[in-house]
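Enquirer: Please find one structure pasted underneath; my questions will follow.
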Amino acid sequence: MNKSESEISYTGKYTPLSRTELVKKLQEALTPSRFNHVLRVEQTAIQLAQKYGESVEKASIAGLVHDYAKQRPDADFIRAIKQYRLDDNLLNYGNAIWHGVVGWLFVAKELQIENIDILKAVEYHTVGHQYMSKLAQIVYMADYIEPGRDFPGVSKARKATEISLAAGVSCQTQQTLSYLIENKLPVYPQTIITYNAWVPVQTKE
Ligand code: GDP
Ligand code: FE
Ligand code: FE
C-alpha cells in the first residue's frame, strides 16, 4: 500500500472527522475481513480518482464508508425504511440491498457526512443508478474490482475500468444481472433500471 495514499489528510470540507477517526469508526462497525475490504476499496477509489480526475479526499471518504451499514441488524433497516417512508418494496429484500440503499442514512447521521455526492455514492454502490456522478461510478467500480476480489469476470471488469469508468460500470452491471438471473435470485427493480441506462448498445429495439 502506498504510504502517501493511506495517510491522506482531510480538509474538513466533507466530514469533521479526521481519516484516523473515520477509520476507527469503520473498524468498530465491521468484522476484520470486511474492514480490510473497505481499506482496499478506499485505495482503489483513490487510484481511480487520480486517473479520472476526481477529488482524492472524496474518494477516500466514500470508499471507507460505503459498507458502513453492512453488519447492522435487520431491525435497524426495517425501522429506518418505515421512519423515512422509503419504498415499501425494500421490505421484500435484505441486507445485500439495504446496506447501501438505506445504509447511507446511517452514514449521514453517525459519521457526520453531509456531502450529497458522497452519500449518493454510498446509496448507489450496490444497485447502481441511471445517473451516477463520477464519484459514484468510482465507488461502484472500486468495490467490484479491489485487489481482494476474485470471481469469474473480475479481470474483464478491471480491463473495462482501465478504458473508461462508463465501460466499467456497463461491464459490472451486465455481469451482476447475469449472475442474479443465473442463480434465480430476486432482482431489485433499480438494478434493472441501471442495466437499461448503462448496458444496451442499441436502443429502439
Ligand atoms: P459488498 O457489500 O462489498 O459485498 O458488495 P455490493 O454492495 O456491491 O453487493 C452486495 C451483494 O448484493 C452482491 O452479492 C451482489 O451480487 C448483490 N446484488 C446486487 N444487486 C442485486 C439485486 O438486484 N438483487 C439481489 N438479490 N442482490 C443484488
Ligand atoms: Fe456493499
Ligand atoms: Fe463493498
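Every chain in the C-alpha cells takes a letter, A first, then B, and so on in the order presented; its residues are numbered from 1, and the ligands are numbered from 1 following the presented order.
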How would you report the residues lying within 10 Å of ligand 1, as a CSV table (one decimal) with all heavy atoms, in the first residue's frame, if you count only C-alpha atoms and all ligand atoms?
Expert:
```csv
chain,number,residue,atom,x,y,z
A,34,ARG,N,-14.2,-7.6,6.6
A,34,ARG,CA,-15.0,-6.5,5.9
A,34,ARG,C,-14.2,-5.2,6.0
A,34,ARG,O,-14.2,-4.4,5.1
A,34,ARG,CB,-16.4,-6.4,6.5
A,34,ARG,CG,-17.3,-5.4,6.0
A,34,ARG,CD,-17.6,-5.5,4.5
A,34,ARG,NE,-18.1,-6.8,4.2
A,34,ARG,CZ,-18.5,-7.1,2.9
A,34,ARG,NH1,-18.5,-6.2,2.0
A,34,ARG,NH2,-18.9,-8.3,2.7
A,37,HIS,N,-11.5,-5.1,3.5
A,37,HIS,CA,-12.2,-4.8,2.1
A,37,HIS,C,-12.4,-3.3,2.0
A,37,HIS,O,-12.0,-2.8,0.9
A,37,HIS,CB,-13.5,-5.6,2.0
A,37,HIS,CG,-14.4,-5.1,1.0
A,37,HIS,ND1,-14.2,-5.2,-0.4
A,37,HIS,CD2,-15.6,-4.4,1.1
A,37,HIS,CE1,-15.2,-4.6,-1.0
A,37,HIS,NE2,-16.1,-4.1,-0.1
A,38,VAL,N,-12.9,-2.7,3.0
A,38,VAL,CA,-13.1,-1.3,3.0
A,38,VAL,C,-11.8,-0.5,2.7
A,38,VAL,O,-11.8,0.5,1.9
A,38,VAL,CB,-13.8,-0.9,4.3
A,38,VAL,CG1,-13.6,0.6,4.7
A,38,VAL,CG2,-15.3,-1.2,4.2
A,41,VAL,N,-11.0,-0.9,-0.9
A,41,VAL,CA,-11.9,-0.1,-1.7
A,41,VAL,C,-11.4,1.3,-1.7
A,41,VAL,O,-11.4,2.0,-2.7
A,41,VAL,CB,-13.3,-0.3,-1.3
A,41,VAL,CG1,-14.2,0.7,-2.1
A,41,VAL,CG2,-13.8,-1.7,-1.5
A,66,HIS,N,-18.5,3.2,2.4
A,66,HIS,CA,-19.5,2.6,1.6
A,66,HIS,C,-20.2,1.4,2.2
A,66,HIS,O,-21.4,1.2,2.0
A,66,HIS,CB,-19.0,2.2,0.2
A,66,HIS,CG,-18.3,0.9,0.1
A,66,HIS,ND1,-17.0,0.7,0.6
A,66,HIS,CD2,-18.7,-0.3,-0.4
A,66,HIS,CE1,-16.7,-0.5,0.4
A,66,HIS,NE2,-17.7,-1.2,-0.2
A,67,ASP,N,-19.5,0.6,3.0
A,67,ASP,CA,-20.1,-0.6,3.6
A,67,ASP,C,-20.3,-0.4,5.1
A,67,ASP,O,-20.5,-1.4,5.8
A,67,ASP,CB,-19.3,-1.9,3.4
A,67,ASP,CG,-19.5,-2.6,2.0
A,67,ASP,OD1,-20.6,-2.3,1.4
A,67,ASP,OD2,-18.7,-3.4,1.6
A,68,TYR,N,-20.4,0.8,5.6
A,68,TYR,CA,-20.6,1.1,7.0
A,68,TYR,C,-21.7,0.3,7.6
A,68,TYR,O,-21.6,-0.2,8.7
A,68,TYR,CB,-20.8,2.6,7.2
A,68,TYR,CG,-21.1,2.9,8.6
A,68,TYR,CD1,-20.2,2.8,9.7
A,68,TYR,CD2,-22.4,3.5,9.0
A,68,TYR,CE1,-20.5,3.1,11.0
A,68,TYR,CE2,-22.6,3.8,10.3
A,68,TYR,CZ,-21.7,3.7,11.3
A,68,TYR,OH,-22.0,4.0,12.6
A,69,ALA,N,-22.8,0.1,6.9
A,69,ALA,CA,-24.0,-0.5,7.4
A,69,ALA,C,-24.1,-2.0,7.2
A,69,ALA,O,-25.1,-2.6,7.5
A,69,ALA,CB,-25.3,0.2,6.9
A,70,LYS,N,-23.0,-2.6,6.7
A,70,LYS,CA,-23.1,-4.0,6.2
A,70,LYS,C,-23.4,-5.0,7.4
A,70,LYS,O,-24.0,-6.0,7.2
A,70,LYS,CB,-21.7,-4.3,5.6
A,70,LYS,CG,-21.7,-5.6,4.9
A,70,LYS,CD,-22.2,-5.6,3.5
A,70,LYS,CE,-22.2,-6.9,2.8
A,70,LYS,NZ,-22.6,-6.9,1.5
A,71,GLN,N,-23.0,-4.6,8.6
A,71,GLN,CA,-23.2,-5.6,9.7
A,71,GLN,C,-24.3,-5.2,10.7
A,71,GLN,O,-24.3,-5.7,11.8
A,71,GLN,CB,-21.8,-5.7,10.5
A,71,GLN,CG,-21.2,-7.1,10.2
A,71,GLN,CD,-19.9,-7.0,9.3
A,71,GLN,OE1,-19.2,-6.0,9.4
A,71,GLN,NE2,-19.8,-8.0,8.5
A,92,ASN,N,-39.1,-6.4,1.0
A,92,ASN,CA,-39.0,-7.7,0.4
A,92,ASN,C,-37.6,-8.1,0.1
A,92,ASN,O,-37.3,-9.2,-0.4
A,92,ASN,CB,-39.8,-7.7,-1.0
A,92,ASN,CG,-41.3,-7.5,-0.8
A,92,ASN,OD1,-41.8,-8.0,0.1
A,92,ASN,ND2,-41.8,-6.6,-1.6
A,93,TYR,N,-36.6,-7.2,0.4
A,93,TYR,CA,-35.2,-7.6,0.2
A,93,TYR,C,-34.5,-7.6,1.6
A,93,TYR,O,-35.1,-7.6,2.6
A,93,TYR,CB,-34.6,-6.5,-0.7
A,93,TYR,CG,-35.2,-6.7,-2.1
A,93,TYR,CD1,-36.4,-6.1,-2.4
A,93,TYR,CD2,-34.5,-7.4,-3.1
A,93,TYR,CE1,-37.0,-6.3,-3.7
A,93,TYR,CE2,-35.1,-7.6,-4.3
A,93,TYR,CZ,-36.3,-7.0,-4.6
A,93,TYR,OH,-36.9,-7.2,-5.8
A,94,GLY,N,-33.2,-7.7,1.5
A,94,GLY,CA,-32.4,-7.9,2.8
A,94,GLY,C,-31.2,-7.1,2.8
A,94,GLY,O,-31.0,-6.1,2.0
A,95,ASN,N,-30.2,-7.4,3.6
A,95,ASN,CA,-29.0,-6.6,3.9
A,95,ASN,C,-28.3,-6.3,2.6
A,95,ASN,O,-27.7,-5.2,2.5
A,95,ASN,CB,-28.1,-7.3,4.9
A,95,ASN,CG,-26.9,-6.5,5.2
A,95,ASN,OD1,-25.9,-6.5,4.4
A,95,ASN,ND2,-26.9,-5.8,6.3
A,96,ALA,N,-28.2,-7.2,1.6
A,96,ALA,CA,-27.5,-7.0,0.4
A,96,ALA,C,-27.9,-5.7,-0.3
A,96,ALA,O,-27.1,-5.0,-0.8
A,96,ALA,CB,-27.6,-8.2,-0.6
A,97,ILE,N,-29.2,-5.5,-0.3
A,97,ILE,CA,-29.8,-4.2,-0.9
A,97,ILE,C,-29.8,-3.1,0.1
A,97,ILE,O,-29.4,-2.0,-0.2
A,97,ILE,CB,-31.2,-4.5,-1.4
A,97,ILE,CG1,-31.2,-5.6,-2.5
A,97,ILE,CG2,-31.8,-3.2,-2.0
A,97,ILE,CD1,-30.4,-5.4,-3.7
A,98,TRP,N,-30.2,-3.4,1.4
A,98,TRP,CA,-30.4,-2.3,2.4
A,98,TRP,C,-29.1,-1.6,2.7
A,98,TRP,O,-29.1,-0.4,3.0
A,98,TRP,CB,-30.9,-2.9,3.6
A,98,TRP,CG,-32.3,-3.5,3.5
A,98,TRP,CD1,-33.2,-3.2,2.5
A,98,TRP,CD2,-33.0,-4.4,4.4
A,98,TRP,NE1,-34.4,-3.9,2.8
A,98,TRP,CE2,-34.3,-4.7,3.9
A,98,TRP,CE3,-32.6,-5.1,5.6
A,98,TRP,CZ2,-35.2,-5.5,4.5
A,98,TRP,CZ3,-33.5,-5.9,6.2
A,98,TRP,CH2,-34.7,-6.1,5.7
A,99,HIS,N,-27.9,-2.3,2.8
A,99,HIS,CA,-26.8,-1.7,3.4
A,99,HIS,C,-26.3,-0.4,2.6
A,99,HIS,O,-25.6,0.4,3.2
A,99,HIS,CB,-25.6,-2.7,3.6
A,99,HIS,CG,-24.8,-3.0,2.4
A,99,HIS,ND1,-25.3,-3.9,1.4
A,99,HIS,CD2,-23.6,-2.6,2.0
A,99,HIS,CE1,-24.4,-4.0,0.5
A,99,HIS,NE2,-23.4,-3.2,0.8
A,100,GLY,N,-26.7,-0.4,1.3
A,100,GLY,CA,-26.4,0.8,0.5
A,100,GLY,C,-27.6,1.7,0.4
A,100,GLY,O,-27.6,2.9,0.7
A,101,VAL,N,-28.7,1.1,-0.1
A,101,VAL,CA,-29.9,1.9,-0.5
A,101,VAL,C,-30.5,2.6,0.8
A,101,VAL,O,-31.1,3.7,0.7
A,101,VAL,CB,-30.9,1.0,-1.2
A,101,VAL,CG1,-32.2,1.7,-1.4
A,101,VAL,CG2,-30.4,0.5,-2.5
A,122,VAL,N,-22.6,6.1,-1.8
A,122,VAL,CA,-22.9,5.0,-0.9
A,122,VAL,C,-24.3,4.4,-1.3
A,122,VAL,O,-24.4,3.2,-1.4
A,122,VAL,CB,-22.9,5.5,0.6
A,122,VAL,CG1,-23.3,4.4,1.5
A,122,VAL,CG2,-21.6,6.1,1.0
A,123,GLU,N,-25.3,5.3,-1.5
A,123,GLU,CA,-26.6,4.8,-1.8
A,123,GLU,C,-26.6,3.9,-3.0
A,123,GLU,O,-27.3,2.8,-3.1
A,123,GLU,CB,-27.6,5.9,-2.0
A,123,GLU,CG,-29.0,5.5,-2.3
A,123,GLU,CD,-30.0,6.7,-2.6
A,123,GLU,OE1,-29.6,7.8,-2.6
A,123,GLU,OE2,-31.2,6.4,-2.8
A,124,TYR,N,-25.9,4.3,-4.0
A,124,TYR,CA,-25.9,3.6,-5.3
A,124,TYR,C,-24.8,2.5,-5.4
A,124,TYR,O,-24.8,1.8,-6.5
A,124,TYR,CB,-25.6,4.6,-6.4
A,124,TYR,CG,-26.6,5.7,-6.6
A,124,TYR,CD1,-26.3,6.9,-7.3
A,124,TYR,CD2,-27.9,5.6,-6.0
A,124,TYR,CE1,-27.2,7.9,-7.4
A,124,TYR,CE2,-28.8,6.6,-6.1
A,124,TYR,CZ,-28.5,7.8,-6.8
A,124,TYR,OH,-29.4,8.8,-7.0
A,125,HIS,N,-24.0,2.2,-4.4
A,125,HIS,CA,-22.8,1.4,-4.7
A,125,HIS,C,-23.2,-0.1,-5.0
A,125,HIS,O,-22.4,-0.8,-5.6
A,125,HIS,CB,-21.8,1.5,-3.5
A,125,HIS,CG,-22.0,0.5,-2.4
A,125,HIS,ND1,-22.7,0.8,-1.2
A,125,HIS,CD2,-21.6,-0.8,-2.2
A,125,HIS,CE1,-22.7,-0.2,-0.4
A,125,HIS,NE2,-22.1,-1.2,-1.0
A,126,THR,N,-24.4,-0.6,-4.6
A,126,THR,CA,-24.7,-2.0,-4.9
A,126,THR,C,-25.6,-2.1,-6.1
A,126,THR,O,-25.3,-3.0,-7.0
A,126,THR,CB,-25.5,-2.6,-3.7
A,126,THR,OG1,-24.7,-2.4,-2.5
A,126,THR,CG2,-25.7,-4.1,-3.9
A,127,VAL,N,-26.6,-1.3,-6.2
A,127,VAL,CA,-27.6,-1.5,-7.3
A,127,VAL,C,-27.4,-0.5,-8.4
A,127,VAL,O,-28.1,-0.5,-9.5
A,127,VAL,CB,-29.1,-1.4,-6.8
A,127,VAL,CG1,-29.3,-2.5,-5.8
A,127,VAL,CG2,-29.4,-0.1,-6.2
A,128,GLY,N,-26.5,0.5,-8.3
A,128,GLY,CA,-26.2,1.5,-9.3
A,128,GLY,C,-27.4,2.5,-9.4
A,128,GLY,O,-28.4,2.5,-8.6
A,139,VAL,N,-16.8,4.6,-6.9
A,139,VAL,CA,-17.1,3.8,-5.7
A,139,VAL,C,-17.7,2.4,-6.2
A,139,VAL,O,-17.3,1.4,-5.7
A,139,VAL,CB,-18.0,4.5,-4.7
A,139,VAL,CG1,-18.3,3.5,-3.6
A,139,VAL,CG2,-17.2,5.7,-4.1
A,140,TYR,N,-18.6,2.5,-7.1
A,140,TYR,CA,-19.3,1.3,-7.7
A,140,TYR,C,-18.2,0.4,-8.3
A,140,TYR,O,-18.2,-0.8,-8.0
A,140,TYR,CB,-20.2,1.8,-8.8
A,140,TYR,CG,-21.1,0.8,-9.4
A,140,TYR,CD1,-22.2,0.2,-8.7
A,140,TYR,CD2,-21.0,0.4,-10.8
A,140,TYR,CE1,-23.1,-0.7,-9.4
A,140,TYR,CE2,-21.8,-0.4,-11.4
A,140,TYR,CZ,-22.9,-1.0,-10.7
A,140,TYR,OH,-23.8,-1.9,-11.3
A,141,MET,N,-17.2,0.9,-9.0
A,141,MET,CA,-16.2,0.1,-9.6
A,141,MET,C,-15.1,-0.3,-8.6
A,141,MET,O,-14.7,-1.5,-8.6
A,141,MET,CB,-15.5,0.8,-10.8
A,141,MET,CG,-16.4,1.0,-12.0
A,141,MET,SD,-17.5,-0.3,-12.4
A,141,MET,CE,-16.4,-1.7,-12.6
A,142,ALA,N,-14.7,0.6,-7.7
A,142,ALA,CA,-13.7,0.2,-6.8
A,142,ALA,C,-14.1,-1.0,-5.9
A,142,ALA,O,-13.3,-1.9,-5.6
A,142,ALA,CB,-13.3,1.4,-5.9
A,143,ASP,N,-15.4,-1.0,-5.5
A,143,ASP,CA,-16.0,-2.0,-4.7
A,143,ASP,C,-15.9,-3.4,-5.4
A,143,ASP,O,-15.7,-4.4,-4.8
A,143,ASP,CB,-17.4,-1.7,-4.4
A,143,ASP,CG,-18.1,-2.6,-3.4
A,143,ASP,OD1,-17.4,-3.2,-2.6
A,143,ASP,OD2,-19.4,-2.7,-3.5
A,144,TYR,N,-16.1,-3.3,-6.7
A,144,TYR,CA,-16.1,-4.6,-7.5
A,144,TYR,C,-14.8,-5.1,-7.9
A,144,TYR,O,-14.6,-6.3,-8.1
A,144,TYR,CB,-17.0,-4.2,-8.8
A,144,TYR,CG,-17.5,-5.4,-9.6
A,144,TYR,CD1,-18.5,-6.2,-9.0
A,144,TYR,CD2,-17.1,-5.6,-10.9
A,144,TYR,CE1,-19.0,-7.3,-9.8
A,144,TYR,CE2,-17.7,-6.6,-11.7
A,144,TYR,CZ,-18.6,-7.4,-11.1
A,144,TYR,OH,-19.2,-8.5,-11.9
A,146,GLU,N,-11.6,-4.2,-6.4
A,146,GLU,CA,-10.5,-4.1,-5.5
A,146,GLU,C,-9.7,-5.3,-5.5
A,146,GLU,O,-10.2,-6.4,-5.8
A,146,GLU,CB,-11.0,-3.7,-4.1
A,146,GLU,CG,-12.1,-4.6,-3.4
A,146,GLU,CD,-11.4,-5.6,-2.5
A,146,GLU,OE1,-10.2,-5.8,-2.5
A,146,GLU,OE2,-12.2,-6.3,-1.8
A,149,ARG,N,-10.8,-9.0,-4.6
A,149,ARG,CA,-11.9,-9.7,-5.4
A,149,ARG,C,-11.3,-10.8,-6.3
A,149,ARG,O,-10.3,-10.5,-7.0
A,149,ARG,CB,-12.6,-8.6,-6.2
A,149,ARG,CG,-13.4,-7.6,-5.4
A,149,ARG,CD,-14.6,-8.1,-4.7
A,149,ARG,NE,-15.5,-7.1,-4.3
A,149,ARG,CZ,-16.4,-7.2,-3.3
A,149,ARG,NH1,-16.5,-8.3,-2.6
A,149,ARG,NH2,-17.2,-6.2,-3.1
A,172,GLN,N,-19.8,-4.3,-15.1
A,172,GLN,CA,-20.3,-4.8,-13.8
A,172,GLN,C,-21.8,-5.0,-13.8
A,172,GLN,O,-22.3,-6.0,-13.3
A,172,GLN,CB,-19.9,-3.8,-12.7
A,172,GLN,CG,-20.5,-4.2,-11.4
A,172,GLN,CD,-20.2,-3.3,-10.2
A,172,GLN,OE1,-20.7,-3.5,-9.1
A,172,GLN,NE2,-19.3,-2.4,-10.3
A,173,THR,N,-22.5,-4.0,-14.4
A,173,THR,CA,-24.0,-4.1,-14.3
A,173,THR,C,-24.5,-5.3,-15.1
A,173,THR,O,-25.4,-6.0,-14.7
A,173,THR,CB,-24.6,-2.7,-14.9
A,173,THR,OG1,-24.0,-1.7,-14.1
A,173,THR,CG2,-26.1,-2.7,-14.8
A,175,GLN,N,-22.7,-8.0,-15.8
A,175,GLN,CA,-22.3,-9.3,-15.1
A,175,GLN,C,-23.1,-9.6,-13.8
A,175,GLN,O,-23.5,-10.7,-13.6
A,175,GLN,CB,-20.8,-9.2,-14.7
A,175,GLN,CG,-19.9,-9.3,-15.9
A,175,GLN,CD,-18.4,-9.3,-15.6
A,175,GLN,OE1,-17.6,-9.6,-16.5
A,175,GLN,NE2,-18.0,-9.1,-14.4
A,176,THR,N,-23.5,-8.5,-13.1
A,176,THR,CA,-24.3,-8.7,-11.9
A,176,THR,C,-25.7,-9.2,-12.2
A,176,THR,O,-26.2,-10.2,-11.6
A,176,THR,CB,-24.3,-7.4,-11.0
A,176,THR,OG1,-23.0,-7.1,-10.6
A,176,THR,CG2,-25.2,-7.6,-9.8
A,177,LEU,N,-26.3,-8.6,-13.2
A,177,LEU,CA,-27.6,-9.0,-13.6
A,177,LEU,C,-27.6,-10.5,-14.1
A,177,LEU,O,-28.4,-11.3,-13.8
A,177,LEU,CB,-28.2,-8.1,-14.7
A,177,LEU,CG,-29.7,-8.3,-15.0
A,177,LEU,CD1,-30.6,-8.3,-13.8
A,177,LEU,CD2,-30.2,-7.4,-16.1
A,178,SER,N,-26.6,-10.8,-14.9
A,178,SER,CA,-26.4,-12.2,-15.4
A,178,SER,C,-26.3,-13.2,-14.2
A,178,SER,O,-27.0,-14.2,-14.2
A,178,SER,CB,-25.2,-12.4,-16.3
A,178,SER,OG,-25.3,-11.6,-17.4
A,179,TYR,N,-25.5,-12.8,-13.3
A,179,TYR,CA,-25.3,-13.6,-12.1
A,179,TYR,C,-26.6,-13.8,-11.3
A,179,TYR,O,-26.9,-14.9,-10.9
A,179,TYR,CB,-24.2,-13.0,-11.2
A,179,TYR,CG,-24.1,-13.5,-9.8
A,179,TYR,CD1,-23.4,-14.7,-9.5
A,179,TYR,CD2,-24.8,-12.9,-8.7
A,179,TYR,CE1,-23.4,-15.2,-8.2
A,179,TYR,CE2,-24.8,-13.3,-7.4
A,179,TYR,CZ,-24.1,-14.5,-7.2
A,179,TYR,OH,-24.0,-15.0,-5.9
A,180,LEU,N,-27.3,-12.8,-11.1
A,180,LEU,CA,-28.6,-12.9,-10.4
A,180,LEU,C,-29.6,-13.8,-11.1
A,180,LEU,O,-30.2,-14.7,-10.5
A,180,LEU,CB,-29.2,-11.5,-10.2
A,180,LEU,CG,-28.4,-10.5,-9.3
A,180,LEU,CD1,-29.0,-9.1,-9.4
A,180,LEU,CD2,-28.4,-10.9,-7.9
A,181,ILE,N,-29.7,-13.6,-12.4
A,181,ILE,CA,-30.6,-14.4,-13.2
A,181,ILE,C,-30.1,-15.9,-13.2
A,181,ILE,O,-30.9,-16.8,-12.9
A,181,ILE,CB,-30.7,-13.9,-14.6
A,181,ILE,CG1,-31.5,-12.5,-14.5
A,181,ILE,CG2,-31.4,-14.9,-15.5
A,181,ILE,CD1,-31.5,-11.7,-15.8
A,183,ASN,N,-28.6,-17.5,-11.0
A,183,ASN,CA,-28.8,-18.1,-9.7
A,183,ASN,C,-30.2,-17.9,-9.1
A,183,ASN,O,-30.5,-18.2,-8.0
A,183,ASN,CB,-27.8,-17.5,-8.7
A,183,ASN,CG,-26.3,-18.0,-9.0
A,183,ASN,OD1,-26.0,-19.1,-8.7
A,183,ASN,ND2,-25.6,-17.1,-9.7
A,184,LYS,N,-31.1,-17.5,-10.1
A,184,LYS,CA,-32.5,-17.4,-9.7
A,184,LYS,C,-32.7,-16.5,-8.4
A,184,LYS,O,-33.5,-16.8,-7.6
A,184,LYS,CB,-33.2,-18.7,-9.5
A,184,LYS,CG,-33.2,-19.6,-10.7
A,184,LYS,CD,-34.2,-20.7,-10.6
A,184,LYS,CE,-34.5,-21.4,-11.9
A,184,LYS,NZ,-34.1,-22.8,-11.9
A,185,LEU,N,-31.9,-15.4,-8.4
A,185,LEU,CA,-32.0,-14.5,-7.2
A,185,LEU,C,-33.0,-13.4,-7.6
A,185,LEU,O,-33.1,-13.0,-8.8
A,185,LEU,CB,-30.7,-14.0,-6.9
A,185,LEU,CG,-29.7,-15.0,-6.3
A,185,LEU,CD1,-28.3,-14.5,-6.3
A,185,LEU,CD2,-30.1,-15.3,-4.8
A,186,PRO,N,-33.7,-12.8,-6.6
A,186,PRO,CA,-34.6,-11.7,-7.0
A,186,PRO,C,-33.8,-10.4,-7.4
A,186,PRO,O,-32.7,-10.1,-6.8
A,186,PRO,CB,-35.3,-11.4,-5.6
A,186,PRO,CG,-34.5,-12.0,-4.6
A,186,PRO,CD,-33.7,-13.1,-5.2
A,187,VAL,N,-34.3,-9.8,-8.4
A,187,VAL,CA,-33.6,-8.6,-9.0
A,187,VAL,C,-34.3,-7.4,-8.4
A,187,VAL,O,-35.5,-7.2,-8.6
A,187,VAL,CB,-33.6,-8.6,-10.5
A,187,VAL,CG1,-32.9,-7.3,-11.0
A,187,VAL,CG2,-32.9,-9.9,-11.0
A,188,TYR,N,-33.6,-6.5,-7.7
A,188,TYR,CA,-34.2,-5.3,-7.2
A,188,TYR,C,-34.5,-4.4,-8.4
A,188,TYR,O,-33.6,-4.3,-9.3
A,188,TYR,CB,-33.2,-4.6,-6.2
A,188,TYR,CG,-33.8,-3.4,-5.5
A,188,TYR,CD1,-34.9,-3.5,-4.7
A,188,TYR,CD2,-33.2,-2.2,-5.7
A,188,TYR,CE1,-35.4,-2.4,-4.0
A,188,TYR,CE2,-33.7,-1.1,-5.0
A,188,TYR,CZ,-34.8,-1.2,-4.2
A,188,TYR,OH,-35.4,-0.1,-3.6
A,189,PRO,N,-35.7,-3.8,-8.5
A,189,PRO,CA,-36.0,-3.0,-9.7
A,189,PRO,C,-35.0,-2.0,-10.1
A,189,PRO,O,-34.8,-1.8,-11.3
A,189,PRO,CB,-37.4,-2.4,-9.3
A,189,PRO,CG,-38.0,-3.3,-8.3
A,189,PRO,CD,-36.8,-3.9,-7.5
A,190,GLN,N,-34.4,-1.3,-9.2
A,190,GLN,CA,-33.3,-0.3,-9.6
A,190,GLN,C,-32.2,-1.0,-10.4
A,190,GLN,O,-31.6,-0.3,-11.2
A,190,GLN,CB,-32.8,0.4,-8.3
A,190,GLN,CG,-31.7,1.4,-8.6
A,190,GLN,CD,-32.2,2.5,-9.6
A,190,GLN,OE1,-33.2,3.2,-9.3
A,190,GLN,NE2,-31.5,2.8,-10.6
A,191,THR,N,-31.9,-2.2,-10.1
A,191,THR,CA,-30.8,-2.9,-10.8
A,191,THR,C,-31.2,-3.0,-12.3
A,191,THR,O,-30.3,-2.9,-13.1
A,191,THR,CB,-30.6,-4.3,-10.2
A,191,THR,OG1,-30.3,-4.2,-8.8
A,191,THR,CG2,-29.5,-5.1,-10.9
A,192,ILE,N,-32.4,-3.2,-12.6
A,192,ILE,CA,-32.9,-3.3,-14.0
A,192,ILE,C,-32.8,-1.9,-14.6
A,192,ILE,O,-32.4,-1.8,-15.8
A,192,ILE,CB,-34.3,-3.9,-14.1
A,192,ILE,CG1,-34.2,-5.4,-13.5
A,192,ILE,CG2,-34.8,-3.9,-15.5
A,192,ILE,CD1,-35.5,-6.1,-13.4
A,194,THR,N,-30.8,0.5,-13.8
A,194,THR,CA,-29.4,0.7,-14.0
A,194,THR,C,-28.9,0.0,-15.3
A,194,THR,O,-28.2,0.6,-16.1
A,194,THR,CB,-28.6,0.3,-12.8
A,194,THR,OG1,-29.1,0.9,-11.7
A,194,THR,CG2,-27.1,0.6,-13.0
```
Enquirer: Counting only C-alpha atoms, which residue out of A:Leu91, A:Val201, A:Ala136, A:Leu22 sits closest to Leu119 (chain A)?
Expert: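 Under the stated criterion, the closest residue is A:Ala136.
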Enquirer: Quick one, how far is CA of Trp104 (chain A) from CA of Ile116 (chain A)?
Expert: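 Between these atoms lies a distance of 10.1 Å.
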Enquirer: Quick one: distance from CA of Phe35 (chain A) to CA of Val65 (chain A) in Å, one decimal?
Expert: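 Atom-to-atom, CA of Phe35 (chain A) to CA of Val65 (chain A), that is 10.0 Å.
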Enquirer: Looking at only C-alpha atoms and all ligand atoms, which of A:Tyr14, A:Gln112, A:Thr20, A:Ala121 is the one that sits closest to ligand 3?
Expert: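 Ranking A:Tyr14, A:Gln112, A:Thr20, A:Ala121 by distance to ligand 3, first place goes to A:Ala121.
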Enquirer: For Glu114 (chain A), which of A:Leu26, A:Ala62, A:Ala49, A:Leu86 is the closest residue, counting only C-alpha atoms?
Expert: A:Ala62
Enquirer: Considering only C-alpha atoms and all ligand atoms, can you say which of A:Ala80, A:Val102, A:Ala75, A:Ile163 comes closest to ligand 2?
Expert: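 Going through A:Ala80, A:Val102, A:Ala75, A:Ile163 one by one, the smallest distance to ligand 2 is for A:Val102.
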Enquirer: Set the distance at 10 Å and use only C-alpha atoms: which residues neighbour Ser133 (chain A) once local chain neighbours fewer than 2 positions away are removed? I'd like the list as a list in words.
Expert: Asp117, Ile118, Lys120, Ala121, His129, Gln130, Tyr131, Leu135, Ala136, Gln137, Ile138 and Val139 of chain A
Enquirer: Which one of A:Arg85, A:Arg79, A:Arg19, A:Lys51 sits closest to Leu64 (chain A) if you count only C-alpha atoms?
Expert: A:Arg19
Enquirer: Can you work out the spacing between CA of Ser170 (chain A) and CA of Lys134 (chain A) in Å, to one decimal?
Expert: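 Atom-to-atom, CA of Ser170 (chain A) and CA of Lys134 (chain A) are spaced 13.9 Å apart.
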